[in-house]
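K.L.:
Next up is a structure, given as structure tokens.
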Amino acid sequence: MKVAISGAGIAGTTLAYWLLRAGHEPLLIEQAPAPRTGGYIMDFWGVGYTVAERMGVLPAVRTAGYQVGEVRFVDDDGRKVGGFDVDALRDMTEGRLTSVSRSALAREIYRTVEGQVETLFGDQITAIEEHDAGVRIALQSGAQRDVDIVVGADGLHSQVRKLTFGPEDDFEKDLGYRFAVFETAGYVPRDEDVYVIHAATSRQIARFALRDGRTLFLLVFKKELMKGAEPGSPAEVHALLRSIFADVGWESASILATMNTADDLYFDRVSQIRMPSWRRGRFVLVGDAGMAVSFLAGEGAGLAITEAYVLAGELARAGGDYQSAFTAYENRLRPFIEGKQHTAENFAATFVPQTQFGIWLRNQATKLMALPGAANLMLGQSLRDDFMLPDFP
Ligand SMILES: Cc1cc2nc3c(=O)[nH]c(=O)nc-3n(C[C@H](O)[C@H](O)[C@H](O)COP(=O)(O)OP(=O)(O)OC[C@H]3O[C@@H](n4cnc5c(N)ncnc54)[C@H](O)[C@@H]3O)c2cc1C
């Protein structure tokens, strides 16, 4: 089958890899002019880790990744007030855990199909027309293509979902936070291999030292702190972040100053995508486009890889019968994904405490993780993947 995949991110390229192996003809259509760079550091483990292993990309992903040693909560003066040793998580995952930037993970997966799969960078689907024998897609570049099925792997704000299922508002569940991610060079202090977090009421700043003297920053706040509408332009985003984080103490002044030097600042809602169905006719969604769990699940990338693997596997198993493949794909994954969404939604309630007492309580709770068995009790549920990864022909 000819399969048009909108989005050459994590889900899209994984899908292309497995479709190619099954003898299909994927076509990747990516809005960005080249594989996207920049982005946050993600924890990578679980079923997605196993799929990456089956694809042979794990050694490269681990080399590109970081082995975080400690998560450290600090007060206004930078003194440690909570946190935990990441070895506890490594033990719980039997060492099958790494922290890797989204772009490095996407790059390593893309390398597995580069030169073998037709990829249209700097283009996107603008119209889709389904007919008895297939689908005709119109591209922004003016070209038209005829394919058998179309997969939306174009992330949280999916274009394929908008064109085929309806407006984003119908499916987006806002978890109540806004976040910004950016990277700059030359920031000090660095605290190598330590994920440093400072919380103030309803706001949180984190930094992590990357290679080549770069540092990654993640700013998160409760949406109630926004007085007006959602910011639009980069200038509005900067102004909003400056007003919200100006008085949070610690290194906030120097972090807001270094923010001005970031070439790529990513700002968005912390949201999930919940849909009654991920398939319609010859269209199907994969990854954040159809079932985003939000970064509060800490596993969106691993799940996107898993979903792509299962979709390709079911298509291989069903021969040309894409409809039964789509049904099997959805039936197999839905309970697992809904469980992950539910856990992340519960976590949202306590992710950034709204009171000083809440911050204190969270700090004490993280210290308890050093006690034998406590890490498993506190994080075991969210680290476990209750999903049996299928083998496909
Ligand atoms: C701050 C933050 C921290 C996170 N931390 C973690 C973590 O610790 N662990 C984890 O596993 N996950 C984490 N995630 C989530 C993870 O990044 C996503 O769940 C994952 O990237 C989803 O993959 P995807 O391929 O569905 O979407 P994406 O990776 O977003 O890829 C979508 C692709 O589609 C392209 N695209 C968009 N629109 C169009 C269009 N109209 N036409 C064509 N192409 C288009 C984009 O350019 C992109 O290349 C985090 C996310 C954030 C924001």
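By convention in this document, the chains of the structure tokens carry letters A, B, ... by their order, each chain's residues are numbered from 1, and ligands are numbered from 1 in the order they are shown.
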Identify, counting only C-alpha atoms and all ligand atoms, the protein, DNA and RNA residues located within 8 Å of ligand 1, and give them as a PyMOL selection string.

P.N.:
chain A and resi 6-13+29-32+35-36+39-45+99+102+106+123-125+153-160+179-181+218+268+270+286-289+292-305

K.L.:
Skipping near chain neighbours, those fewer than 3 positions away, what residues fall within 12 Å of Ala374 of chain A using only C-alpha atoms, listed as a list of chain:residue names?

P.N.:
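Contacts, in chain order: A:Phe84, A:Ala88, A:Leu89, A:Met92, A:Ala365, A:Thr366, A:Lys367, A:Leu368, A:Met369, A:Ala370, A:Leu371, A:Leu377, A:Met378, A:Leu379, A:Gly380.
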
K.L.:
DSSP on the backbone: which residues in segment 214-365 of chain A end up as strand (DSSP E)? Give the answer as a list of chain:residue names.

P.N.:
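The strand (DSSP E) subset of segment 214-365 of chain A is A:Arg214, A:Thr215, A:Leu216, A:Phe217, A:Leu218, A:Leu219, A:Val220, A:Phe221, A:Lys222, A:Tyr266, A:Phe267, A:Asp268, A:Arg269, A:Val270, A:Ser271, A:Gln272, A:Ile273, A:Arg279, A:Arg280, A:Phe283, A:Val284, A:Leu285.
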
K.L.:
Could you write out that same residue set with N, CA and C atoms as a tab-separated table (two decimals), in the first residue's frame?

P.N.:
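Produced file result.tsv, reproduced below:
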```tsv
chain	number	residue	atom	x	y	z
A	214	ARG	N	25.81	23.84	26.63
A	214	ARG	CA	24.44	24.33	26.51
A	214	ARG	C	23.61	23.92	27.73
A	215	THR	N	22.55	24.64	27.99
A	215	THR	CA	21.65	24.31	29.11
A	215	THR	C	20.21	24.36	28.61
A	216	LEU	N	19.43	23.40	29.10
A	216	LEU	CA	18.01	23.35	28.73
A	216	LEU	C	17.18	23.87	29.90
A	217	PHE	N	16.17	24.67	29.60
A	217	PHE	CA	15.30	25.21	30.66
A	217	PHE	C	13.85	24.81	30.38
A	218	LEU	N	13.15	24.49	31.44
A	218	LEU	CA	11.71	24.19	31.31
A	218	LEU	C	10.97	25.04	32.35
A	219	LEU	N	10.06	25.89	31.89
A	219	LEU	CA	9.27	26.75	32.78
A	219	LEU	C	7.81	26.29	32.69
A	220	VAL	N	7.20	26.02	33.84
A	220	VAL	CA	5.81	25.56	33.84
A	220	VAL	C	5.01	26.42	34.82
A	221	PHE	N	3.78	26.77	34.46
A	221	PHE	CA	2.94	27.51	35.41
A	221	PHE	C	1.48	27.16	35.23
A	222	LYS	N	0.70	27.40	36.31
A	222	LYS	CA	-0.75	27.16	36.25
A	222	LYS	C	-1.39	28.19	35.33
A	266	TYR	N	9.93	27.18	22.71
A	266	TYR	CA	8.72	26.42	22.44
A	266	TYR	C	7.74	26.67	23.57
A	267	PHE	N	6.54	27.15	23.25
A	267	PHE	CA	5.53	27.44	24.27
A	267	PHE	C	4.23	26.75	23.90
A	268	ASP	N	3.60	26.08	24.87
A	268	ASP	CA	2.35	25.40	24.52
A	268	ASP	C	1.53	25.12	25.77
A	269	ARG	N	0.33	24.57	25.54
A	269	ARG	CA	-0.50	24.10	26.65
A	269	ARG	C	-0.05	22.70	27.03
A	270	VAL	N	-0.27	22.31	28.29
A	270	VAL	CA	-0.07	20.92	28.67
A	270	VAL	C	-1.44	20.26	28.48
A	271	SER	N	-1.56	19.49	27.40
A	271	SER	CA	-2.87	18.95	27.04
A	271	SER	C	-2.78	17.49	26.66
A	272	GLN	N	-3.94	16.87	26.72
A	272	GLN	CA	-4.07	15.52	26.16
A	272	GLN	C	-5.03	15.58	24.97
A	273	ILE	N	-4.94	14.57	24.12
A	273	ILE	CA	-5.93	14.43	23.05
A	273	ILE	C	-6.72	13.16	23.35
A	279	ARG	N	-9.75	6.29	14.14
A	279	ARG	CA	-9.79	5.90	12.73
A	279	ARG	C	-11.11	6.31	12.10
A	280	ARG	N	-11.04	6.61	10.83
A	280	ARG	CA	-12.25	6.94	10.07
A	280	ARG	C	-11.95	6.66	8.61
A	283	PHE	N	-8.45	6.92	7.04
A	283	PHE	CA	-7.60	7.79	7.86
A	283	PHE	C	-7.40	7.19	9.25
A	284	VAL	N	-6.20	7.36	9.76
A	284	VAL	CA	-5.93	6.87	11.11
A	284	VAL	C	-4.90	7.80	11.76
A	285	LEU	N	-4.96	7.90	13.08
A	285	LEU	CA	-4.05	8.78	13.82
A	285	LEU	C	-3.12	7.96	14.70
```

K.L.:
Quick one: DSSP helix (DSSP H, G or I) residues in segment 244-374 of chain A, as a ChimeraX atom specification?

P.N.:
/A:244-245,252-259,288-291,295-297,300-317,322-351,356-368,374

K.L.:
Please save C-alpha atoms of the selected residues as a compact mmCIF listing (two decimals), in the first residue's frame.

P.N.:
```txt
# COMPACT_ATOMS: atom_id res chain seq x y z
CA ILE A 244 4.99 35.35 35.70
CA PHE A 245 8.53 34.31 36.66
CA SER A 252 14.93 33.45 37.87
CA ALA A 253 16.49 36.79 36.91
CA SER A 254 19.45 35.22 35.10
CA ILE A 255 17.26 32.54 33.48
CA LEU A 256 14.88 35.20 32.14
CA ALA A 257 17.92 37.14 30.89
CA THR A 258 19.39 34.11 29.11
CA MET A 259 15.94 33.37 27.61
CA ASP A 288 0.21 12.78 20.00
CA ALA A 289 -2.10 13.52 17.05
CA GLY A 290 -4.69 11.02 18.24
CA MET A 291 -3.86 10.15 21.83
CA PHE A 295 4.48 15.37 29.19
CA LEU A 296 3.09 14.72 32.66
CA ALA A 297 2.98 11.05 31.67
CA GLY A 300 4.72 10.28 25.24
CA ALA A 301 7.65 9.48 22.98
CA GLY A 302 7.85 5.85 24.06
CA LEU A 303 4.12 5.48 23.57
CA ALA A 304 4.24 7.16 20.14
CA ILE A 305 6.89 4.62 19.05
CA THR A 306 4.81 1.77 20.41
CA GLU A 307 1.64 2.95 18.68
CA ALA A 308 3.46 3.24 15.35
CA TYR A 309 4.91 -0.26 15.75
CA VAL A 310 1.49 -1.74 16.52
CA LEU A 311 -0.20 0.08 13.63
CA ALA A 312 2.42 -1.12 11.13
CA GLY A 313 2.25 -4.64 12.58
CA GLU A 314 -1.52 -4.85 12.31
CA LEU A 315 -1.33 -3.57 8.71
CA ALA A 316 1.22 -6.28 7.93
CA ARG A 317 -0.92 -8.94 9.58
CA TYR A 322 -6.65 -1.70 6.28
CA GLN A 323 -10.01 -1.47 8.02
CA SER A 324 -9.56 -4.59 10.10
CA ALA A 325 -5.95 -3.49 10.79
CA PHE A 326 -7.16 -0.11 12.09
CA THR A 327 -9.74 -1.83 14.30
CA ALA A 328 -7.20 -4.28 15.72
CA TYR A 329 -4.75 -1.41 16.33
CA GLU A 330 -7.30 0.58 18.26
CA ASN A 331 -8.65 -2.39 20.25
CA ARG A 332 -5.19 -3.47 21.25
CA LEU A 333 -3.96 -0.05 22.42
CA ARG A 334 -6.98 1.85 23.74
CA PRO A 335 -7.18 0.47 27.31
CA PHE A 336 -3.42 0.90 27.79
CA ILE A 337 -3.37 4.49 26.47
CA GLU A 338 -6.46 5.50 28.44
CA GLY A 339 -4.79 4.16 31.59
CA LYS A 340 -1.71 6.33 30.90
CA GLN A 341 -3.92 9.39 30.28
CA HIS A 342 -5.77 8.79 33.52
CA THR A 343 -2.53 8.49 35.55
CA ALA A 344 -1.14 11.70 33.98
CA GLU A 345 -4.37 13.57 34.68
CA ASN A 346 -4.21 12.57 38.35
CA PHE A 347 -0.57 13.65 38.52
CA ALA A 348 -1.55 17.08 37.13
CA ALA A 349 -3.30 17.92 40.40
CA THR A 350 0.01 17.88 42.31
CA PHE A 351 2.60 18.54 39.61
CA GLN A 356 4.00 26.94 50.14
CA PHE A 357 2.74 24.08 52.29
CA GLY A 358 2.16 22.00 49.15
CA ILE A 359 5.73 22.72 48.00
CA TRP A 360 7.10 21.72 51.42
CA LEU A 361 5.03 18.52 51.39
CA ARG A 362 6.24 17.58 47.92
CA ASN A 363 9.86 18.18 48.95
CA GLN A 364 9.48 15.89 51.96
CA ALA A 365 7.79 13.22 49.84
CA THR A 366 10.67 13.19 47.35
CA LYS A 367 13.16 12.69 50.20
CA LEU A 368 11.26 9.58 51.27
CA ALA A 374 9.43 3.80 48.70
```

K.L.:
To one decimal in Å, tell me the separation between atom CA of Ile149 of chain A and atom CA of Ala104 of chain A.

P.N.:
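Going from atom CA of Ile149 of chain A over to atom CA of Ala104 of chain A, I get 28.5 Å.
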
K.L.:
Nearest residue to Arg79 of chain A out of A:Val57, A:Val237, A:Leu15, A:Ile197, using only C-alpha atoms?

P.N.:
A:Ile197

K.L.:
Nearest to Glu236 of chain A among A:Leu58, A:Leu27, A:Ala318, A:Leu265, with distances taken over only C-alpha atoms: which residue is it?

P.N.:
A:Leu265

K.L.:
What gap, in Å, lies between atom CA of Ala199 of chain A and atom CA of Gly69 of chain A?

P.N.:
20.0 Å

K.L.:
Quick one: residues within 9 Å of His238 of chain A, only C-alpha atoms, excluding same-chain residues fewer than 4 positions away - as a count of residues only?

P.N.:
8

K.L.:
Given only C-alpha atoms as the basis, pick out the residue of A:Glu251, A:Glu94, A:Glu224, A:Glu168 nearest to Arg207 of chain A.

P.N.:
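Looking at the shortest contact to Arg207 of chain A, the residue is A:Glu251.
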
K.L.:
Using atom CA of Pro390 of chain A and atom CA of Gly46 of chain A as the two end points, give the distance in Å to one decimal.

P.N.:
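Computing the Euclidean distance for atom CA of Pro390 of chain A and atom CA of Gly46 of chain A yields 14.0 Å.
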
K.L.:
Rank nothing, just name the residue among A:Pro372, A:Gly281, A:Gly186, A:Gly176 nearest to Glu129 of chain A, using only C-alpha atoms.

P.N.:
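Distance minimum relative to Glu129 of chain A lands on A:Gly281.
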
K.L.:
Can you pull out every residue within 9 Å of Val86 of chain A, counting only C-alpha atoms, but drop anything in the same chain fewer than 3 positions away, and send it as a list in words?

P.N.:
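Skipping anything fewer than 3 positions along the chain leaves Gln67, Val68, Gly69, Glu70, Val71, Leu89, Arg90 and Asp91 of chain A.
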
K.L.:
Nearest residue to Val51 of chain A out of A:Ile109, A:Val150, A:Val117, A:Met226, using only C-alpha atoms?

P.N.:
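Counting only C-alpha atoms, the residue closest to Val51 of chain A is A:Ile109.
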